[in-house]
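model13.txt, holding compact mmCIF, C-alpha atoms and all ligand atoms:
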# COMPACT_ATOMS: atom_id res chain seq x y z
CA MET P 1159 -13.33 -3.17 -4.76
CA THR P 1160 -10.15 -4.12 -6.58
CA ARG P 1161 -6.61 -3.38 -5.53
CA ALA P 1162 -3.91 -3.32 -8.16
CA VAL P 1163 -0.17 -2.95 -8.38
CA LEU P 1164 1.00 -0.78 -11.26
CA SER P 1165 4.55 -0.36 -12.54
CA LEU P 1166 5.47 2.94 -14.21
CA GLY P 1167 8.55 3.62 -16.28
CA ALA P 1168 9.87 6.57 -18.31
CA ASN P 1169 13.11 7.07 -20.23
CA LEU P 1170 12.46 9.97 -22.63
CA GLY P 1171 11.95 13.65 -21.81
CA ASP P 1172 11.41 14.81 -18.23
CA ARG P 1173 11.10 11.40 -16.60
CA SER P 1174 10.16 12.70 -13.15
CA ALA P 1175 7.47 14.97 -14.58
CA ALA P 1176 5.88 12.10 -16.51
CA LEU P 1177 5.81 9.87 -13.41
CA ARG P 1178 4.49 12.71 -11.25
CA ALA P 1179 1.66 13.52 -13.70
CA ALA P 1180 0.61 9.85 -13.86
CA THR P 1181 0.73 9.58 -10.08
CA GLY P 1182 -1.54 12.61 -9.82
CA ALA P 1183 -4.03 11.01 -12.19
CA LEU P 1184 -3.98 7.52 -10.65
CA ARG P 1185 -4.16 8.68 -7.00
CA PRO P 1186 -2.32 5.74 -5.47
CA GLU P 1187 -2.66 4.57 -1.87
CA ARG P 1188 1.09 4.01 -1.83
CA VAL P 1189 3.87 4.93 -4.22
CA SER P 1190 7.51 3.92 -4.10
CA ASP P 1191 10.55 6.09 -4.37
CA VAL P 1192 11.93 6.66 -7.87
CA TYR P 1193 14.55 4.14 -9.00
CA GLU P 1194 16.98 4.80 -11.81
CA THR P 1195 17.28 1.52 -13.70
CA PRO P 1196 19.32 0.27 -16.67
CA PRO P 1197 17.18 -0.59 -19.71
CA TRP P 1198 15.87 -4.17 -19.70
CA GLY P 1199 15.22 -6.12 -22.90
CA ASP P 1200 16.73 -3.60 -25.33
CA ASP P 1201 20.06 -2.11 -24.19
CA ASP P 1202 20.28 0.63 -26.81
CA GLN P 1203 18.26 3.32 -25.02
CA PRO P 1204 18.56 5.72 -22.05
CA THR P 1205 18.18 4.63 -18.42
CA TYR P 1206 14.68 4.53 -17.00
CA TYR P 1207 13.06 6.04 -13.96
CA ASN P 1208 10.70 3.47 -12.43
CA VAL P 1209 8.16 3.54 -9.61
CA ALA P 1210 5.61 1.03 -8.34
CA MET P 1211 2.27 1.96 -6.86
CA ILE P 1212 -0.72 0.39 -5.13
CA VAL P 1213 -4.11 1.67 -6.25
CA SER P 1214 -7.63 0.72 -5.28
CA ASP P 1215 -11.05 1.62 -6.56
CA PRO P 1216 -14.51 0.29 -5.65
CA ALA P 1217 -15.54 -0.10 -9.27
CA LYS P 1218 -12.50 -0.89 -11.39
CA SER P 1219 -11.96 -4.20 -13.21
CA PRO P 1220 -8.53 -5.18 -14.56
CA ARG P 1221 -9.62 -3.79 -17.92
CA ASP P 1222 -10.53 -0.47 -16.27
CA TRP P 1223 -7.03 -0.35 -14.75
CA LEU P 1224 -5.56 -0.99 -18.21
CA ALA P 1225 -7.72 1.84 -19.62
CA ALA P 1226 -6.53 4.19 -16.86
CA ALA P 1227 -2.91 3.16 -17.54
CA SER P 1228 -3.31 3.74 -21.30
CA GLU P 1229 -4.91 7.13 -20.68
CA CYS P 1230 -1.86 8.21 -18.63
CA GLU P 1231 0.45 7.06 -21.45
CA ARG P 1232 -1.64 8.97 -23.99
CA ALA P 1233 -1.66 12.13 -21.83
CA ALA P 1234 2.14 11.93 -21.56
CA GLY P 1235 2.34 11.97 -25.36
CA ARG P 1236 3.50 8.42 -25.86
CA VAL P 1237 4.03 7.38 -29.48
CA ARG P 1238 4.22 3.63 -30.08
CA ASP P 1239 6.92 2.24 -32.34
CA PRO P 1240 5.55 -1.14 -33.44
CA ALA P 1241 8.95 -2.06 -34.88
CA ARG P 1242 10.67 -1.79 -31.51
CA ARG P 1243 9.59 -4.02 -28.66
CA PHE P 1244 10.78 -2.89 -25.21
CA GLY P 1245 11.96 0.37 -26.83
CA PRO P 1246 12.17 3.89 -25.32
CA ARG P 1247 9.07 5.74 -24.17
CA VAL P 1248 7.91 8.88 -22.38
CA LEU P 1249 5.71 6.72 -20.15
CA ASP P 1250 4.81 3.06 -19.75
CA VAL P 1251 2.20 1.97 -17.21
CA ASP P 1252 1.83 -1.78 -16.72
CA VAL P 1253 -0.84 -3.59 -14.70
CA ILE P 1254 1.18 -6.05 -12.64
CA ALA P 1255 -1.49 -7.79 -10.54
CA VAL P 1256 -5.08 -7.26 -9.37
CA TRP P 1257 -7.01 -8.57 -6.31
CA ARG P 1258 -10.63 -8.46 -5.25
CA ASP P 1259 -11.63 -7.00 -1.90
CA SER P 1260 -11.62 -10.53 -0.50
CA GLY P 1261 -7.92 -10.79 -1.34
CA GLU P 1262 -8.62 -13.27 -4.14
CA PRO P 1263 -6.34 -12.62 -7.13
CA VAL P 1264 -7.85 -11.85 -10.52
CA PHE P 1265 -6.39 -13.61 -13.57
CA CYS P 1266 -6.86 -12.43 -17.18
CA ASP P 1267 -5.57 -14.16 -20.26
CA GLU P 1268 -6.86 -12.16 -23.20
CA PRO P 1269 -5.11 -10.98 -26.37
CA ASP P 1270 -4.70 -7.42 -25.07
CA LEU P 1271 -4.61 -8.03 -21.31
CA THR P 1272 -2.64 -10.57 -19.31
CA VAL P 1273 -2.79 -10.32 -15.50
CA PRO P 1274 -0.58 -10.95 -13.63
CA HIS P 1275 1.77 -9.26 -16.08
CA PRO P 1276 3.63 -12.10 -17.84
CA ARG P 1277 7.11 -10.58 -17.47
CA ALA P 1278 6.85 -8.95 -14.03
CA HIS P 1279 8.66 -11.84 -12.31
CA LEU P 1280 11.69 -11.29 -14.59
CA ARG P 1281 12.08 -7.57 -13.88
CA ALA P 1282 14.00 -6.22 -10.91
CA PHE P 1283 12.77 -2.74 -11.90
CA VAL P 1284 9.23 -3.92 -11.06
CA LEU P 1285 9.97 -6.15 -8.06
CA VAL P 1286 12.35 -3.93 -6.07
CA PRO P 1287 10.13 -0.80 -6.00
CA TRP P 1288 7.07 -2.97 -5.26
CA LEU P 1289 8.78 -4.75 -2.36
CA SER P 1290 9.77 -1.37 -0.94
CA ILE P 1291 6.09 -0.42 -0.47
CA ASP P 1292 4.79 -3.89 0.49
CA ALA P 1293 7.03 -6.27 2.40
CA GLU P 1294 4.49 -9.10 1.77
CA ALA P 1295 4.29 -8.48 -1.99
CA ALA P 1296 3.58 -11.63 -4.01
CA ILE P 1297 2.77 -12.31 -7.67
CA PRO P 1298 -0.26 -14.61 -7.82
CA GLY P 1299 0.88 -17.98 -9.17
CA ARG P 1300 4.57 -17.14 -8.86
CA GLY P 1301 5.26 -16.44 -5.22
CA ARG P 1302 6.61 -13.84 -2.91
CA VAL P 1303 8.62 -11.02 -4.41
CA ARG P 1304 11.32 -11.29 -1.76
CA ASP P 1305 11.79 -14.98 -2.72
CA LEU P 1306 11.81 -14.23 -6.47
CA LEU P 1307 14.60 -11.71 -5.85
CA ARG P 1308 16.83 -14.50 -4.47
CA ASP P 1309 17.29 -15.73 -8.06
CA PRO P 1310 20.96 -14.93 -8.84
CA GLY P 1311 20.20 -13.14 -12.12
CA LEU P 1312 17.46 -10.99 -10.57
CA ALA P 1313 19.59 -10.31 -7.49
CA ALA P 1314 22.38 -9.07 -9.80
CA ASP P 1315 19.89 -6.86 -11.68
CA ALA P 1316 18.56 -5.54 -8.37
CA ARG P 1317 22.04 -4.32 -7.46
CA THR P 1318 22.13 -2.15 -10.61
CA LEU P 1319 19.09 -0.12 -9.50
CA ARG P 1320 19.71 3.24 -7.88
CA ARG P 1321 17.13 4.57 -5.43
CA LEU P 1322 16.79 8.31 -6.01
CA GLY P 1323 14.16 9.34 -3.47
CA GLY P 1324 10.52 10.44 -3.55
CA LEU P 1325 8.65 11.78 -6.56
CA GLU P 1326 8.19 15.12 -4.82
CA SER P 1327 11.86 15.98 -5.39
CA LYS P 1328 13.27 16.70 -8.83
CA HIS P 1329 15.74 14.12 -10.13
CA ASP P 1330 16.23 15.04 -13.79
CA ALA P 1331 19.15 17.37 -14.47
N1 LIG G 1401 -0.85 -6.46 -17.71
C1 LIG G 1401 -0.73 -5.60 -18.72
N2 LIG G 1401 -0.39 -4.31 -18.48
C2 LIG G 1401 -0.25 -3.42 -19.50
N3 LIG G 1401 -0.44 -3.73 -20.81
C3 LIG G 1401 -0.79 -5.00 -21.09
C4 LIG G 1401 -0.94 -5.99 -20.08
N4 LIG G 1401 -1.29 -7.17 -20.67
C5 LIG G 1401 -1.36 -6.93 -21.97
N5 LIG G 1401 -1.06 -5.64 -22.25
C6 LIG G 1401 -1.06 -5.08 -23.60
O1 LIG G 1401 0.26 -4.85 -24.02
C7 LIG G 1401 0.16 -3.91 -25.07
C8 LIG G 1401 1.53 -3.37 -25.41
O2 LIG G 1401 1.99 -2.65 -24.31
P1 LIG G 1401 3.41 -2.00 -24.34
O3 LIG G 1401 3.65 -1.30 -25.61
O4 LIG G 1401 3.52 -1.20 -23.07
O5 LIG G 1401 4.34 -3.30 -24.29
P2 LIG G 1401 5.86 -3.30 -24.03
O6 LIG G 1401 6.15 -2.18 -23.11
O7 LIG G 1401 6.63 -3.35 -25.31
O8 LIG G 1401 6.13 -4.63 -23.24
P3 LIG G 1401 5.78 -4.97 -21.75
O9 LIG G 1401 4.30 -5.18 -21.68
O10 LIG G 1401 6.55 -6.20 -21.55
O11 LIG G 1401 6.23 -3.83 -20.86
C9 LIG G 1401 -0.85 -2.91 -24.54
O12 LIG G 1401 -1.51 -2.25 -25.58
C10 LIG G 1401 -1.80 -3.78 -23.74
O13 LIG G 1401 -2.99 -4.04 -24.43
N1 LIG G 1402 14.68 -0.52 -16.74
C1 LIG G 1402 13.60 -0.62 -17.49
N2 LIG G 1402 13.66 -1.27 -18.65
C2 LIG G 1402 12.54 -1.39 -19.41
C3 LIG G 1402 11.31 -0.81 -18.99
C4 LIG G 1402 11.29 -0.13 -17.75
O1 LIG G 1402 10.24 0.40 -17.31
N3 LIG G 1402 12.44 -0.06 -17.02
N4 LIG G 1402 10.20 -0.93 -19.75
C5 LIG G 1402 10.24 -1.55 -20.87
C6 LIG G 1402 8.99 -1.65 -21.61
O2 LIG G 1402 8.75 -2.82 -22.14
C7 LIG G 1402 11.46 -2.15 -21.43
N5 LIG G 1402 12.60 -2.03 -20.59

Can you dump the structure from the file as structure tokens?
Amino acid sequence: MTRAVLSLGANLGDRSAALRAATGALRPERVSDVYETPPWGDDDQPTYYNVAMIVSDPAKSPRDWLAAASECERAAGRVRDPARRFGPRVLDVDVIAVWRDSGEPVFCDEPDLTVPHPRAHLRAFVLVPWLSIDAEAAIPGRGRVRDLLRDPGLAADARTLRRLGGLESKHDA
């Protein structure tokens, strides 16, 4: 059994619909409300809708979670622009952290898969939704999410997020 935390983001097209379709495919144990978040890393793009979810599966390795994430992105019609890092997208699904049934964290450091996600601890749009569905959330090797969010820069970013409500309601105009 592995348990994973996934972070989903969308800022092109019908953002709620993309997140809802991915949630249907990934069948999470828990999913956060939708947060509207300013773009991180590349300012020149629309605001994102972000959610965090907790998933578990008896058979899935971190690489299987990455494959499931990539399949959701493909199904949403994502086109990669190699020239634009952190650029706009119909759907992004990141594998934030993975644990075995025993609670032991899984670490991966491979060219196409790094777990825990190497930038998760810098992103209020990952940490705030995650903390909302797990008060004890912690990034293996980095510490508890509620402590990470005490960093002044992250705390300021956290205040720019707007909680919109559950995925079942429609948020896009
Ligand atoms: N933990 C991870 N979760 C998702 N993708 C990962 C992870 N570690 C490595 N990758 C790799 O990152 C590649 C690029 O992903 P993507 O285009 O979503 O990056 P990005 O959105 O520009 O940046 P970021 O990963 O910081 O969100 C993927 O093809 C995947 O192989
Ligand atoms: N607010 C926000 N900003 C981002 C996001 C995201 O999901 N939310 N994803 C990115 C992909 O690298 C880049 N920037």

Provide an axis-aligned box for all listed atoms of ligand LIG 1401 (chain G), padding each side by 6 Å; report its centre and its edge lengths in Å to one decimal, as lines of an AutoDock Vina configuration file.
center_x = 1.8
center_y = -4.2
center_z = -21.7
size_x = 21.6
size_y = 18.0
size_z = 19.9

For Ile1212 of chain P, work out the shell of residues within 8 Å, counting all atoms listed in the file and skipping chain neighbours fewer than 6 positions away, then give it as a VMD selection string. chain P and resid 1161 to 1164 1186 to 1189

Which residue gives the smallest distance to Ile1254 of chain P among P:Leu1166, P:Val1286, P:Val1192, P:Leu1322, with all atoms listed in the file counted?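 Once distances to Ile1254 of chain P are computed over all atoms listed in the file, the minimum belongs to P:Leu1166.
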
Give me, as a Markdown table, the closest atom pair and its distance (Å, one decimal) for every residue of chain P within a cut-off of 9 Å of ligand LIG 1402 (chain G), counting only C-alpha atoms and all ligand atoms, rows sorted by chain and rising number.
| residue | atom | partner | partner_atom | distance |
| --- | --- | --- | --- | --- |
| P:Ser1165 | CA | G:LIG1402 | O1 | 7.5 |
| P:Leu1166 | CA | G:LIG1402 | O1 | 6.2 |
| P:Gly1167 | CA | G:LIG1402 | O1 | 3.8 |
| P:Ala1168 | CA | G:LIG1402 | O1 | 6.3 |
| P:Asn1169 | CA | G:LIG1402 | O1 | 7.8 |
| P:Glu1194 | CA | G:LIG1402 | N1 | 7.6 |
| P:Thr1195 | CA | G:LIG1402 | N1 | 4.5 |
| P:Pro1196 | CA | G:LIG1402 | N1 | 4.7 |
| P:Pro1197 | CA | G:LIG1402 | N2 | 3.7 |
| P:Trp1198 | CA | G:LIG1402 | N2 | 3.8 |
| P:Gly1199 | CA | G:LIG1402 | N5 | 5.4 |
| P:Asp1200 | CA | G:LIG1402 | N5 | 6.5 |
| P:Asp1201 | CA | G:LIG1402 | N5 | 8.3 |
| P:Gln1203 | CA | G:LIG1402 | N5 | 9.0 |
| P:Thr1205 | CA | G:LIG1402 | N1 | 6.4 |
| P:Tyr1206 | CA | G:LIG1402 | N1 | 5.1 |
| P:Tyr1207 | CA | G:LIG1402 | N3 | 6.9 |
| P:Asn1208 | CA | G:LIG1402 | O1 | 5.8 |
| P:Val1209 | CA | G:LIG1402 | O1 | 8.6 |
| P:Arg1243 | CA | G:LIG1402 | O2 | 6.7 |
| P:Phe1244 | CA | G:LIG1402 | O2 | 3.7 |
| P:Gly1245 | CA | G:LIG1402 | C7 | 6.0 |
| P:Pro1246 | CA | G:LIG1402 | C7 | 7.2 |
| P:Arg1247 | CA | G:LIG1402 | C6 | 7.8 |
| P:Leu1249 | CA | G:LIG1402 | O1 | 8.3 |
| P:Asp1250 | CA | G:LIG1402 | O1 | 6.5 |
| P:Val1251 | CA | G:LIG1402 | O1 | 8.2 |
| P:Asp1252 | CA | G:LIG1402 | C6 | 8.7 |
| P:Arg1281 | CA | G:LIG1402 | C1 | 8.0 |
| P:Ala1282 | CA | G:LIG1402 | N1 | 8.2 |
| P:Phe1283 | CA | G:LIG1402 | N1 | 5.7 |
| P:Val1284 | CA | G:LIG1402 | O1 | 7.7 |
| P:Leu1319 | CA | G:LIG1402 | N1 | 8.5 |

Nearest candidate to ligand LIG 1401 (chain G) (options P:Arg1308, P:Arg1232, P:Arg1258, P:His1329; using only C-alpha atoms and all ligand atoms):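 Between P:Arg1308, P:Arg1232, P:Arg1258, P:His1329, the residue approaching ligand LIG 1401 (chain G) most closely is P:Arg1232.
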
May I ask which of the residues P:Ala1234, P:Leu1177, P:Val1213, P:Leu1307 is the closest one to Val1253 of chain P, counting all atoms listed in the file? P:Val1213

Atom CA of Pro1276 of chain P and atom CA of Arg1185 of chain P, how far apart in Å?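 Taking atom CA of Arg1185 of chain P as the start and atom CA of Pro1276 of chain P as the end point, the length is 24.7 Å.
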
Shortest interatomic distance to Ala1316 of chain P - which of P:Gly1299, P:Gly1171, P:Pro1204, P:Pro1287, counting only C-alpha atoms: P:Pro1287

Provide the atom CA of Pro1220 of chain P to atom CA of Val1256 of chain P distance in Å, to one decimal place.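 Rounded to one decimal, the two atoms are 6.6 Å apart.
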
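Summary of the local environment: counting only C-alpha atoms, residues at most 9 Å from Leu1285 of chain P, other than itself and those fewer than 3 positions away along its chain, are P:Ala1210, P:Ala1278, P:His1279, P:Leu1280, P:Arg1281, P:Ala1282, P:Trp1288, P:Leu1289, P:Ser1290, P:Ala1295, P:Val1303, P:Arg1304, P:Leu1306, P:Leu1307, P:Ala1316.
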
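In this model, the gap between atom CA of Ser1327 of chain P and atom CA of Cys1230 of chain P comes to 20.6 Å.
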
Which is closest to ligand LIG 1401 (chain G) among P:Glu1268, P:Gly1323, P:Ala1296, P:Asp1309, if we use only C-alpha atoms and all ligand atoms? P:Glu1268

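Residues in contact with segment 1269-1274 of chain P at up to 7 Å, not including ones fewer than 5 positions away on its chain and judged by all atoms listed in the file, are P:Ile1254, P:Ala1255, P:Ile1297, P:Pro1298.
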
Name the residues in contact with Lys1328 of chain P at a cut-off of 10 Å, using only C-alpha atoms, excluding same-chain residues fewer than 3 positions from it; report them as a list in words. Asp1172, Arg1173, Ser1174, Ala1175, Arg1178, Leu1322, Gly1323, Gly1324, Leu1325 and Ala1331 of chain P

Could you save the residues just selected, with C-alpha atoms, as a tab-separated table (two decimals), in the frame of the given file?
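Writing done, so here's part_18.tsv:
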chain	number	residue	atom	x	y	z
P	1172	ASP	CA	11.41	14.81	-18.23
P	1173	ARG	CA	11.10	11.40	-16.60
P	1174	SER	CA	10.16	12.70	-13.15
P	1175	ALA	CA	7.47	14.97	-14.58
P	1178	ARG	CA	4.49	12.71	-11.25
P	1322	LEU	CA	16.79	8.31	-6.01
P	1323	GLY	CA	14.16	9.34	-3.47
P	1324	GLY	CA	10.52	10.44	-3.55
P	1325	LEU	CA	8.65	11.78	-6.56
P	1331	ALA	CA	19.15	17.37	-14.47

Point out the residue among P:Trp1223, P:Ala1314, P:Ile1291, P:Arg1238 with the least atom-to-atom distance to Met1211 of chain P, counting only C-alpha atoms. P:Ile1291
